[in-house]
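Source file start-v6.csv; content: CSV, C-alpha atoms.
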```csv
chain,number,residue,atom,x,y,z
A,1,MET,CA,0.0,0.0,0.0
A,2,GLY,CA,1.5,3.3,-1.0
A,3,THR,CA,1.8,6.2,1.3
A,4,LYS,CA,-0.9,8.9,1.1
A,5,ARG,CA,0.5,12.0,-0.6
A,6,ARG,CA,0.1,15.2,1.5
A,7,SER,CA,-1.8,18.1,-0.1
A,8,PRO,CA,0.4,21.1,-0.8
A,9,LEU,CA,-2.3,23.2,1.0
A,10,ALA,CA,-1.3,21.4,4.2
A,11,ASP,CA,2.2,22.8,4.1
A,12,TRP,CA,2.9,25.2,6.9
A,13,THR,CA,4.6,27.6,4.5
A,14,VAL,CA,1.2,28.0,2.8
A,15,LEU,CA,-1.0,28.0,5.8
A,16,VAL,CA,1.0,30.4,8.0
A,17,PRO,CA,1.0,33.4,5.7
A,18,VAL,CA,-2.7,33.0,5.2
A,19,VAL,CA,-3.3,32.8,8.9
A,20,ALA,CA,-1.1,35.8,9.5
A,21,LEU,CA,-3.0,37.8,6.9
A,22,VAL,CA,-6.3,36.8,8.5
A,23,ALA,CA,-4.9,38.0,11.9
A,24,LEU,CA,-4.0,41.3,10.2
A,25,VAL,CA,-7.5,41.7,8.8
A,26,PHE,CA,-9.1,41.2,12.2
A,27,SER,CA,-6.6,43.3,14.2
A,28,TRP,CA,-6.2,46.3,11.8
A,29,GLY,CA,-7.2,49.6,13.4
A,30,ARG,CA,-8.2,48.1,16.7
A,31,ASP,CA,-7.0,48.3,20.3
A,32,LEU,CA,-5.7,44.9,21.1
A,33,PRO,CA,-5.6,43.2,24.5
A,34,GLY,CA,-2.4,41.7,25.7
A,35,LEU,CA,-3.2,38.1,24.7
A,36,VAL,CA,-4.2,39.1,21.2
A,37,VAL,CA,-1.0,41.1,20.8
A,38,VAL,CA,1.0,37.9,21.7
A,39,LEU,CA,-1.0,35.9,19.1
A,40,VAL,CA,-0.4,38.5,16.4
A,41,ALA,CA,3.3,38.5,17.3
A,42,LEU,CA,3.4,34.7,16.9
A,43,CYS,CA,1.7,35.1,13.5
A,44,LEU,CA,4.3,37.7,12.6
A,45,ALA,CA,7.2,35.4,13.5
A,46,GLY,CA,5.6,32.5,11.5
A,47,ALA,CA,5.1,34.8,8.5
A,48,VAL,CA,8.8,35.8,8.7
A,49,LEU,CA,9.9,32.2,8.5
A,50,ALA,CA,7.5,31.5,5.6
A,51,ALA,CA,8.7,34.6,3.7
A,52,VAL,CA,12.3,33.3,3.9
A,53,HIS,CA,11.3,29.9,2.6
A,54,HIS,CA,9.4,31.3,-0.4
A,55,ALA,CA,12.1,33.9,-1.1
A,56,GLU,CA,14.6,31.0,-1.4
A,57,VAL,CA,12.3,29.1,-3.8
A,58,VAL,CA,12.0,32.2,-6.0
A,59,ALA,CA,15.8,32.9,-5.8
A,60,HIS,CA,16.6,29.3,-6.8
A,61,ARG,CA,14.4,29.7,-9.8
A,62,VAL,CA,15.6,33.0,-11.1
A,63,GLY,CA,19.2,32.8,-9.9
A,64,GLU,CA,21.4,35.5,-8.4
A,65,PRO,CA,21.4,38.5,-8.1
A,66,PHE,CA,17.7,38.5,-9.1
A,67,GLY,CA,16.7,36.4,-6.1
A,68,SER,CA,18.1,38.7,-3.4
A,69,LEU,CA,16.8,41.7,-5.4
A,70,ILE,CA,13.2,40.4,-5.3
A,71,LEU,CA,13.2,40.0,-1.6
A,72,ALA,CA,14.9,43.3,-0.9
A,73,VAL,CA,12.5,45.3,-3.1
A,74,ALA,CA,9.4,43.5,-1.9
A,75,VAL,CA,10.3,44.1,1.8
A,76,THR,CA,11.2,47.7,1.2
A,77,VAL,CA,8.1,48.6,-0.8
A,78,ILE,CA,5.9,47.3,2.0
A,79,GLU,CA,8.1,49.0,4.6
A,80,VAL,CA,7.6,52.3,2.8
A,81,ALA,CA,3.8,51.7,3.0
A,82,LEU,CA,4.1,51.1,6.7
A,83,ILE,CA,6.1,54.2,7.3
A,84,VAL,CA,3.7,56.4,5.3
A,85,THR,CA,0.7,54.9,7.1
A,86,LEU,CA,2.2,55.4,10.6
A,87,MET,CA,3.2,59.0,9.7
A,88,ALA,CA,-0.3,59.7,8.5
A,89,ASP,CA,-1.8,58.4,11.8
A,90,GLY,CA,0.9,59.9,14.1
A,91,GLY,CA,0.8,63.6,13.4
A,92,ASP,CA,3.8,65.7,14.6
A,93,LYS,CA,5.1,63.0,16.9
A,94,SER,CA,6.0,60.9,13.8
A,95,ALA,CA,7.8,63.7,12.0
A,96,SER,CA,11.1,61.9,12.4
A,97,LEU,CA,9.8,58.3,12.0
A,98,ALA,CA,11.0,58.0,8.3
A,99,ARG,CA,14.5,59.2,9.3
A,100,ASP,CA,14.7,56.9,12.3
A,101,THR,CA,13.4,53.8,10.4
A,102,VAL,CA,15.5,54.4,7.3
A,103,PHE,CA,18.7,55.0,9.3
A,104,ALA,CA,17.9,52.0,11.5
A,105,ALA,CA,17.5,49.9,8.4
A,106,ALA,CA,20.8,51.1,7.0
A,107,MET,CA,22.7,50.3,10.3
A,108,ILE,CA,21.0,46.9,10.7
A,109,THR,CA,21.8,45.9,7.1
A,110,CYS,CA,25.3,47.3,6.8
A,111,ASN,CA,26.5,46.2,10.3
A,112,GLY,CA,24.0,43.6,11.5
A,113,ILE,CA,23.4,41.5,8.4
A,114,VAL,CA,26.8,42.0,7.0
A,115,GLY,CA,28.5,41.2,10.4
A,116,VAL,CA,26.5,38.1,11.1
A,117,SER,CA,27.0,36.8,7.5
A,118,LEU,CA,30.8,37.4,7.7
A,119,LEU,CA,30.9,35.6,11.0
A,120,VAL,CA,29.0,32.6,9.7
A,121,GLY,CA,31.1,32.5,6.5
A,122,ALA,CA,34.4,32.8,8.4
A,123,LEU,CA,33.4,30.1,10.9
A,124,ARG,CA,32.8,27.7,8.1
A,125,ASN,CA,35.8,28.4,5.9
A,126,ARG,CA,38.3,30.5,8.1
A,127,VAL,CA,37.7,33.4,5.7
A,128,ALA,CA,34.5,34.6,4.1
A,129,VAL,CA,35.0,35.2,0.3
A,130,PHE,CA,33.0,37.7,-1.9
A,131,ASN,CA,33.3,40.0,-4.8
A,132,PRO,CA,34.9,43.3,-3.8
A,133,GLU,CA,33.8,44.9,-7.1
A,134,GLY,CA,30.1,44.4,-6.6
A,135,SER,CA,30.0,44.8,-2.9
A,136,GLY,CA,32.1,47.9,-3.0
A,137,ALA,CA,29.9,49.5,-5.7
A,138,ALA,CA,26.8,48.7,-3.5
A,139,LEU,CA,28.5,50.3,-0.4
A,140,ALA,CA,29.4,53.5,-2.4
A,141,THR,CA,25.7,53.7,-3.5
A,142,VAL,CA,24.5,53.3,0.1
A,143,ALA,CA,27.0,56.0,1.4
A,144,THR,CA,25.9,58.5,-1.3
A,145,LEU,CA,22.2,57.9,-0.7
A,146,ALA,CA,22.6,58.2,3.0
A,147,THR,CA,24.6,61.4,2.8
A,148,LEU,CA,22.2,63.1,0.3
A,149,SER,CA,19.1,62.1,2.2
A,150,LEU,CA,20.0,61.9,5.9
A,151,VAL,CA,23.1,64.1,6.4
A,152,LEU,CA,22.7,67.1,4.2
A,153,PRO,CA,19.3,68.2,5.7
A,154,THR,CA,21.2,68.9,9.0
A,155,PHE,CA,23.4,71.5,7.2
A,156,THR,CA,21.1,73.1,4.7
A,157,THR,CA,19.8,76.6,5.5
A,158,SER,CA,16.7,77.1,3.4
A,159,LYS,CA,14.5,75.8,6.3
A,160,PRO,CA,15.2,75.9,10.1
A,161,GLY,CA,16.0,72.5,11.7
A,162,PRO,CA,17.0,69.3,10.0
A,163,GLU,CA,14.6,69.7,7.1
A,164,PHE,CA,14.7,70.0,3.4
A,165,SER,CA,12.9,72.7,1.5
A,166,THR,CA,10.4,71.5,-1.2
A,167,ALA,CA,13.0,72.0,-3.9
A,168,GLN,CA,15.7,70.2,-2.0
A,169,LEU,CA,13.4,67.3,-1.1
A,170,THR,CA,12.4,67.0,-4.8
A,171,PHE,CA,16.1,66.9,-5.8
A,172,ALA,CA,16.9,64.3,-3.2
A,173,ALA,CA,13.9,62.1,-4.3
A,174,VAL,CA,14.9,62.3,-8.0
A,175,ALA,CA,18.6,61.6,-7.2
A,176,SER,CA,17.7,58.7,-5.0
A,177,LEU,CA,15.5,57.1,-7.7
A,178,ALA,CA,18.2,57.7,-10.4
A,179,LEU,CA,20.9,56.1,-8.3
A,180,TYR,CA,18.7,53.2,-7.4
A,181,GLY,CA,17.8,52.6,-11.0
A,182,LEU,CA,21.4,52.8,-12.1
A,183,PHE,CA,22.5,50.4,-9.4
A,184,ILE,CA,19.8,47.9,-10.5
A,185,ALA,CA,20.9,48.1,-14.1
A,186,VAL,CA,24.5,47.5,-13.2
A,187,GLN,CA,23.7,44.6,-10.8
A,188,THR,CA,21.3,42.7,-13.0
A,189,VAL,CA,22.5,43.5,-16.6
A,190,ARG,CA,25.8,45.2,-17.3
A,191,HIS,CA,28.0,43.8,-14.5
A,192,ARG,CA,25.9,41.0,-13.2
A,193,ASP,CA,29.0,38.8,-12.7
A,194,TYR,CA,30.2,41.2,-10.0
A,195,PHE,CA,27.3,40.1,-7.8
A,196,LEU,CA,27.4,36.3,-8.2
A,197,PRO,CA,28.6,34.1,-5.4
A,198,VAL,CA,32.3,33.3,-5.3
A,199,ASP,CA,33.4,29.6,-5.3
A,200,VAL,CA,34.9,28.6,-2.0
A,201,GLY,CA,38.0,26.4,-2.2
A,202,PRO,CA,41.7,26.2,-1.3
A,203,ALA,CA,42.4,29.4,-3.3
A,204,ALA,CA,40.1,31.3,-0.9
A,205,ASP,CA,42.4,30.6,2.1
A,206,PRO,CA,46.1,30.1,1.4
A,207,GLY,CA,46.5,28.7,4.9
A,208,ARG,CA,44.1,25.9,4.0
A,209,ALA,CA,46.0,25.0,0.9
A,210,ALA,CA,49.2,24.9,2.9
A,211,ASN,CA,47.7,22.5,5.4
A,212,PRO,CA,46.1,19.5,3.7
A,213,GLY,CA,44.8,18.3,6.9
A,214,ARG,CA,42.4,21.3,7.2
A,215,ALA,CA,41.4,21.1,3.5
A,216,ALA,CA,40.2,17.5,3.9
A,217,ASP,CA,37.5,18.5,6.3
A,218,PRO,CA,34.3,16.8,4.8
A,219,GLY,CA,32.0,19.4,6.4
A,220,ARG,CA,33.3,22.3,4.3
A,221,GLY,CA,31.0,22.1,1.3
A,222,THR,CA,33.0,20.0,-1.3
A,223,ASP,CA,30.4,17.2,-1.3
A,224,PRO,CA,26.8,18.4,-1.1
A,225,ARG,CA,25.7,14.9,-0.1
A,226,ARG,CA,27.7,15.2,3.1
A,227,ASP,CA,26.8,18.9,3.7
A,228,PRO,CA,23.1,19.5,4.2
A,229,ASP,CA,23.5,23.2,4.1
A,230,ARG,CA,24.6,23.0,0.4
A,231,GLN,CA,22.1,20.3,-0.8
A,232,ASP,CA,19.6,22.9,-2.0
A,233,ASP,CA,22.2,24.5,-4.2
A,234,HIS,CA,22.5,21.3,-6.2
A,235,ALA,CA,18.8,20.5,-6.3
A,236,ALA,CA,16.8,20.9,-9.5
A,237,PRO,CA,15.3,24.4,-9.8
A,238,PRO,CA,11.6,24.6,-9.0
A,239,THR,CA,9.1,24.7,-11.9
A,240,ALA,CA,7.8,28.1,-13.2
A,241,ARG,CA,4.4,27.3,-11.6
A,242,ALA,CA,6.0,26.5,-8.2
A,243,ALA,CA,8.1,29.7,-8.4
A,244,MET,CA,5.0,31.8,-9.2
A,245,VAL,CA,3.1,30.3,-6.3
A,246,SER,CA,6.0,31.0,-4.0
A,247,LEU,CA,6.2,34.6,-5.3
A,248,GLY,CA,2.5,35.1,-4.5
A,249,LEU,CA,2.9,33.6,-1.1
A,250,LEU,CA,6.0,35.7,-0.5
A,251,LEU,CA,4.0,38.9,-1.1
A,252,VAL,CA,1.2,37.6,1.2
A,253,ALA,CA,3.8,36.8,3.9
A,254,LEU,CA,5.5,40.2,3.6
A,255,VAL,CA,2.2,42.1,3.7
A,256,ALA,CA,1.3,40.1,6.8
A,257,VAL,CA,4.7,40.8,8.4
A,258,VAL,CA,4.5,44.5,7.9
A,259,GLY,CA,0.8,44.7,8.7
A,260,ASP,CA,1.1,42.6,11.9
A,261,ALA,CA,4.1,44.8,12.8
A,262,LYS,CA,1.8,47.9,12.5
A,263,ALA,CA,-0.9,46.1,14.5
A,264,VAL,CA,1.5,45.6,17.4
A,265,SER,CA,3.1,49.0,17.0
A,266,PRO,CA,0.7,50.8,19.4
A,267,THR,CA,1.8,48.4,22.1
A,268,ILE,CA,5.4,48.9,21.2
A,269,GLU,CA,5.0,52.7,21.4
A,270,ALA,CA,3.2,52.4,24.7
A,271,VAL,CA,5.9,50.2,26.1
A,272,VAL,CA,8.6,52.6,24.8
A,273,ALA,CA,6.9,55.6,26.3
A,274,LYS,CA,6.3,53.9,29.6
A,275,ALA,CA,9.9,52.9,29.8
A,276,GLY,CA,10.9,56.5,29.2
A,277,LEU,CA,12.9,55.6,26.1
A,278,PRO,CA,13.4,58.0,23.1
A,279,GLN,CA,10.8,58.0,20.3
A,280,ALA,CA,13.6,56.9,17.9
A,281,VAL,CA,13.5,53.4,19.5
A,282,VAL,CA,10.1,52.8,17.8
A,283,GLY,CA,11.8,53.2,14.4
A,284,VAL,CA,14.5,50.8,15.4
A,285,ILE,CA,12.0,48.1,16.5
A,286,ILE,CA,10.0,48.5,13.3
A,287,ALA,CA,13.2,48.1,11.2
A,288,LEU,CA,14.2,45.1,13.2
A,289,LEU,CA,10.8,43.4,12.6
A,290,VAL,CA,10.6,44.3,8.9
A,291,LEU,CA,14.2,43.1,8.2
A,292,LEU,CA,13.8,39.7,9.9
A,293,PRO,CA,13.1,37.9,6.6
A,294,GLU,CA,16.2,39.3,4.9
A,295,THR,CA,18.4,38.6,8.0
A,296,LEU,CA,17.4,35.0,8.1
A,297,ALA,CA,17.8,34.6,4.4
A,298,ALA,CA,21.3,36.2,4.5
A,299,VAL,CA,22.4,33.9,7.3
A,300,ARG,CA,21.2,30.8,5.5
A,301,ALA,CA,23.0,31.9,2.4
A,302,ALA,CA,26.2,32.4,4.4
A,303,ARG,CA,25.9,28.9,5.8
A,304,ARG,CA,25.9,27.6,2.2
A,305,ASP,CA,29.1,29.4,1.5
A,306,ARG,CA,27.3,32.1,-0.5
A,307,VAL,CA,28.4,35.2,1.3
A,308,GLN,CA,28.1,37.3,-1.8
A,309,THR,CA,24.3,36.6,-1.8
A,310,SER,CA,24.2,37.7,1.9
A,311,LEU,CA,26.0,40.9,1.0
A,312,ASN,CA,23.6,41.4,-2.0
A,313,LEU,CA,20.7,41.1,0.5
A,314,ALA,CA,22.3,43.5,3.0
A,315,TYR,CA,23.4,46.3,0.8
A,316,GLY,CA,20.5,45.9,-1.6
A,317,SER,CA,18.1,46.3,1.3
A,318,ALA,CA,19.9,49.4,2.4
A,319,ILE,CA,19.8,50.9,-1.1
A,320,ALA,CA,16.2,50.1,-1.6
A,321,SER,CA,15.2,51.4,1.9
A,322,ILE,CA,16.7,54.8,1.2
A,323,GLY,CA,16.2,54.9,-2.6
A,324,LEU,CA,12.5,54.1,-2.4
A,325,THR,CA,11.5,55.6,0.9
A,326,ILE,CA,12.8,59.2,0.3
A,327,PRO,CA,10.8,59.5,-3.0
A,328,ALA,CA,7.7,58.0,-1.4
A,329,ILE,CA,7.9,60.3,1.5
A,330,ALA,CA,8.5,63.3,-0.8
A,331,LEU,CA,5.3,62.4,-2.7
A,332,ALA,CA,3.4,61.7,0.5
A,333,SER,CA,4.5,65.1,2.0
A,334,ILE,CA,1.9,66.7,-0.4
A,335,TRP,CA,-0.9,65.5,1.9
A,336,LEU,CA,1.0,64.8,5.1
A,337,SER,CA,0.7,67.6,7.6
A,338,GLY,CA,3.5,68.7,10.0
A,339,PRO,CA,7.3,68.8,9.6
A,340,LEU,CA,9.4,66.1,8.0
A,341,LEU,CA,12.7,65.8,9.9
A,342,LEU,CA,15.3,63.9,7.8
A,343,GLY,CA,18.7,65.2,9.1
A,344,LEU,CA,20.7,63.0,11.5
A,345,GLY,CA,22.1,64.2,14.8
A,346,PRO,CA,25.9,64.4,15.5
A,347,VAL,CA,26.1,60.9,17.2
A,348,HIS,CA,24.3,59.2,14.3
A,349,MET,CA,26.5,61.0,11.7
A,350,VAL,CA,29.6,59.7,13.5
A,351,LEU,CA,28.2,56.2,13.5
A,352,LEU,CA,27.3,56.5,9.8
A,353,ALA,CA,30.8,57.8,8.9
A,354,LEU,CA,32.5,55.0,10.9
A,355,THR,CA,30.3,52.4,9.3
A,356,VAL,CA,31.2,53.6,5.8
A,357,VAL,CA,35.0,53.6,6.6
A,358,VAL,CA,35.0,50.2,8.3
A,359,SER,CA,32.8,48.7,5.5
A,360,ALA,CA,35.2,50.0,2.8
A,361,LEU,CA,38.2,48.4,4.7
A,362,THR,CA,36.2,45.2,5.1
A,363,LEU,CA,35.2,44.9,1.4
A,364,ALA,CA,38.4,46.0,-0.3
A,365,PRO,CA,40.3,42.7,0.0
A,366,GLY,CA,37.4,40.5,-1.1
A,367,ARG,CA,37.9,38.3,2.0
A,368,ALA,CA,37.1,38.8,5.6
A,369,THR,CA,37.8,37.0,8.9
A,370,LEU,CA,36.0,36.7,12.2
A,371,LEU,CA,37.5,40.1,13.2
A,372,GLN,CA,35.7,42.0,10.5
A,373,GLY,CA,32.4,40.4,11.3
A,374,GLY,CA,32.9,41.1,15.0
A,375,VAL,CA,33.7,44.8,14.3
A,376,HIS,CA,30.5,45.3,12.4
A,377,ILE,CA,28.5,43.5,15.2
A,378,VAL,CA,30.0,45.9,17.7
A,379,LEU,CA,29.1,48.9,15.6
A,380,LEU,CA,25.5,47.7,15.5
A,381,ALA,CA,25.5,47.1,19.3
A,382,ALA,CA,26.8,50.7,19.7
A,383,TYR,CA,24.0,52.1,17.6
A,384,LEU,CA,21.4,50.1,19.5
A,385,PHE,CA,22.8,51.1,22.9
A,386,LEU,CA,22.9,54.8,21.9
A,387,ALA,CA,19.4,54.6,20.6
A,388,VAL,CA,18.2,53.5,24.0
A,389,SER,CA,20.6,55.7,25.9
A,390,PRO,CA,21.5,58.7,23.8
```

Once you've parsed the file, please lay out its structure as structure tokens.
Amino acid sequence: MGTKRRSPLADWTVLVPVVALVALVFSWGRDLPGLVVVLVALCLAGAVLAAVHHAEVVAHRVGEPFGSLILAVAVTVIEVALIVTLMADGGDKSASLARDTVFAAAMITCNGIVGVSLLVGALRNRVAVFNPEGSGAALATVATLATLSLVLPTFTTSKPGPEFSTAQLTFAAVASLALYGLFIAVQTVRHRDYFLPVDVGPAADPGRAANPGRAADPGRGTDPRRDPDRQDDHAAPPTARAAMVSLGLLLVALVAVVGDAKAVSPTIEAVVAKAGLPQAVVGVIIALLVLLPETLAAVRAARRDRVQTSLNLAYGSAIASIGLTIPAIALASIWLSGPLLLGLGPVHMVLLALTVVVSALTLAPGRATLLQGGVHIVLLAAYLFLAVSP
């Protein structure tokens, strides 16, 4: 007697996004009691895990760098919608929400995701290997976008405070879109090879080649049958139909992630206010929640010796977060009332400058050790600590 075939609809990666979306529908715009907030948070966590799964299915079908690009853009588009919605509901107290969330996303991606990915890659192969050409170009784009949109408003004089005038905001929006479009064209067409994963072998670590005993470690990705983290890389790509279903479920999961994050945001704001923490902490928490799918996907890619994919996710998310949010906020400012504070303070500008310098030194050789990963993690920890205790 043959075994009964399980229906695809019974798969948790199909059910969880749908359940999370239902939770979003019933919780939207309502004051939630504590138990319901916990349930919505559990749905959010499940939707994050489902989003990572479906993103990997789509990425396996379309290949790199398109796979990481799809996840980064999808998350960012919905993140922008969340920011605009919260700003429309929050009035003057949300004037700095866009700045806080975008800067938090930049710090989390450029230090958190990059740092963890390098740590994972270095733990597996002594050094994490990637393409310095592609990663360096992505870092340059992040640095330019962050400076134009988040640093210059602090020093312009057309309006008092860290604000852009209408003309300056329009220029920043157009420049952000132009840079984002140019980066996508380079990443996916003209210089796509700069963003493809680098093969990991003895050439990646001269010390390994000099020590045959280390090179013979069977757990280091040479045989996918003996390394479960790399089996998916050698599996047949999913069918076009399966990829389209996963793409649809990915969008459902991401809508649920961001929507459920908004549903629990009043509780987050109340807890932050009750604890006497700065309002900027709300933006940090929102960015952490929204970037969970990309963080998990980046770590899993690094475990498969695909650190370049992890860096594509990290820097691609930072570029999309700034390059799409600023134009969207500029457009939304037509009907949003109140000031729009974009300029960073001195402490955050120092952290941004240090992040850019350290990242440039990390990416230049095309190889990184545990030290570089640890430095980026410490930078993220410093940012999070100073957000709580400015």

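If you look at atom CA of Glu163 of chain A and atom CA of Leu342 of chain A, they are 5.9 Å away from each other.
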
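You can rank A:Val252, A:Val272, A:Val19, A:Ala328 by their closest distance to Val80 of chain A using only C-alpha atoms, and at the top of that list sits A:Ala328.
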
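Among the candidates A:Leu32, A:Leu118, A:Ala178, A:Leu249, the one nearest to Val18 of chain A when counting only C-alpha atoms is A:Leu249.
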
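In terms of minimum interatomic distance to Tyr315 of chain A, A:Met107 ranks closest within A:Ala95, A:Met107, A:Leu39, A:Leu251, counting all atoms listed in the file.
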
Next on the checklist: What's around Leu288 of chain A at 12 Å? Count only C-alpha atoms, leave out sequence neighbours fewer than 4 positions away in its own chain, and write the answer as a PyMOL selection string.
Outcome noted: chain A and resi 45+48+79+100-109+112-113+257-258+261+281-284+292-296+380+384

Checklist entry - Expressed in Å to a single decimal, how great is the separation between atom CA of Ser317 of chain A and atom CA of Gly338 of chain A? => result 28.1 Å

Item to check | Among the residues A:Leu311, A:Ala72, A:Val14, A:Ala81, the one that comes closest to Gly248 of chain A [using all atoms listed in the file] | outcome: A:Val14

Next on the checklist: Please report the interatomic distance between atom CA of Ile70 of chain A and atom CA of Ala143 of chain A in Å with one decimal.
Outcome noted: 21.9 Å

Checklist entry - Quick one: residues within 9 Å of segment 181-189 of chain A, only C-alpha atoms counted, chain neighbours fewer than 2 positions away excluded, as a list in words? => result Glu64, Pro65, Phe66, Leu69, Gly134, Ala137, Ala138, Thr141, Ser176, Leu177, Ala178, Leu179, His191, Arg192, Asp193, Tyr194, Phe195, Ile319 and Gly323 of chain A

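Nearest residue to Leu344 of chain A among A:Val37, A:Ala146, A:Met244, A:Ala173 is A:Ala146, counting all atoms listed in the file.
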
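Between Asn111 of chain A and the residues A:Phe26, A:Pro390, A:Ser359, A:Ala320, the shortest atom-to-atom distance, using only C-alpha atoms, involves A:Ser359.
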
Item to check | Residues near Pro162 of chain A, cut-off 6 Å, all atoms listed in the file, skip fewer than 2 positions along chain, as an NGL selection string | outcome: :A and (153-154 or 341 or 343)

Residue contacts of Arg303 of chain A (8 Å, all atoms listed in the file) excluding same-chain residues fewer than 4 positions away, as a PDB file with C-alpha atoms, in the frame of the given file:
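Written output follows (around_13.pdb):
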```
ATOM      1  CA  VAL A 120      29.000  32.600   9.700  1.00  0.00           C
ATOM      2  CA  GLY A 121      31.100  32.500   6.500  1.00  0.00           C
ATOM      3  CA  ARG A 124      32.800  27.700   8.100  1.00  0.00           C
ATOM      4  CA  ASP A 229      23.500  23.200   4.100  1.00  0.00           C
ATOM      5  CA  VAL A 299      22.400  33.900   7.300  1.00  0.00           C
TER       6      VAL A 299
END
```

Item to check | Who sits within 10 Å of Leu250 of chain A, all atoms listed in the file, same chain under 3 positions skipped, as a ChimeraX atom specification | outcome: /A:13-14,17,47-48,50-58,70-71,74-75,244-247,253-256

Since the input lacks atoms, please generate N, CA and C atoms for segment 74-87 of chain A and provide them as a PDB file, in the frame of the given file.
```
ATOM      1  N   ALA A  74      10.723  43.768  -2.408  1.00  0.00           N
ATOM      2  CA  ALA A  74       9.400  43.500  -1.900  1.00  0.00           C
ATOM      3  C   ALA A  74       9.285  43.947  -0.419  1.00  0.00           C
ATOM      4  N   VAL A  75      10.297  43.652   0.386  1.00  0.00           N
ATOM      5  CA  VAL A  75      10.300  44.100   1.800  1.00  0.00           C
ATOM      6  C   VAL A  75      10.256  45.601   1.871  1.00  0.00           C
ATOM      7  N   THR A  76      11.065  46.264   1.058  1.00  0.00           N
ATOM      8  CA  THR A  76      11.200  47.700   1.200  1.00  0.00           C
ATOM      9  C   THR A  76       9.923  48.423   0.712  1.00  0.00           C
ATOM     10  N   VAL A  77       9.294  47.941  -0.351  1.00  0.00           N
ATOM     11  CA  VAL A  77       8.100  48.600  -0.800  1.00  0.00           C
ATOM     12  C   VAL A  77       6.998  48.549   0.282  1.00  0.00           C
ATOM     13  N   ILE A  78       6.874  47.411   0.947  1.00  0.00           N
ATOM     14  CA  ILE A  78       5.900  47.300   2.000  1.00  0.00           C
ATOM     15  C   ILE A  78       6.313  48.092   3.234  1.00  0.00           C
ATOM     16  N   GLU A  79       7.622  48.150   3.481  1.00  0.00           N
ATOM     17  CA  GLU A  79       8.100  49.000   4.600  1.00  0.00           C
ATOM     18  C   GLU A  79       7.790  50.438   4.365  1.00  0.00           C
ATOM     19  N   VAL A  80       7.913  50.908   3.136  1.00  0.00           N
ATOM     20  CA  VAL A  80       7.600  52.300   2.800  1.00  0.00           C
ATOM     21  C   VAL A  80       6.092  52.538   3.099  1.00  0.00           C
ATOM     22  N   ALA A  81       5.248  51.588   2.693  1.00  0.00           N
ATOM     23  CA  ALA A  81       3.800  51.700   3.000  1.00  0.00           C
ATOM     24  C   ALA A  81       3.544  51.821   4.457  1.00  0.00           C
ATOM     25  N   LEU A  82       4.265  51.023   5.246  1.00  0.00           N
ATOM     26  CA  LEU A  82       4.100  51.100   6.700  1.00  0.00           C
ATOM     27  C   LEU A  82       4.514  52.415   7.259  1.00  0.00           C
ATOM     28  N   ILE A  83       5.650  52.952   6.799  1.00  0.00           N
ATOM     29  CA  ILE A  83       6.100  54.200   7.300  1.00  0.00           C
ATOM     30  C   ILE A  83       5.122  55.348   6.975  1.00  0.00           C
ATOM     31  N   VAL A  84       4.644  55.374   5.728  1.00  0.00           N
ATOM     32  CA  VAL A  84       3.700  56.400   5.300  1.00  0.00           C
ATOM     33  C   VAL A  84       2.406  56.305   6.134  1.00  0.00           C
ATOM     34  N   THR A  85       1.938  55.065   6.351  1.00  0.00           N
ATOM     35  CA  THR A  85       0.700  54.900   7.100  1.00  0.00           C
ATOM     36  C   THR A  85       0.880  55.357   8.560  1.00  0.00           C
ATOM     37  N   LEU A  86       1.991  55.005   9.190  1.00  0.00           N
ATOM     38  CA  LEU A  86       2.200  55.400  10.600  1.00  0.00           C
ATOM     39  C   LEU A  86       2.400  56.941  10.662  1.00  0.00           C
ATOM     40  N   MET A  87       3.027  57.544   9.657  1.00  0.00           N
ATOM     41  CA  MET A  87       3.200  59.000   9.700  1.00  0.00           C
ATOM     42  C   MET A  87       1.853  59.702   9.504  1.00  0.00           C
TER      43      MET A  87
END
```
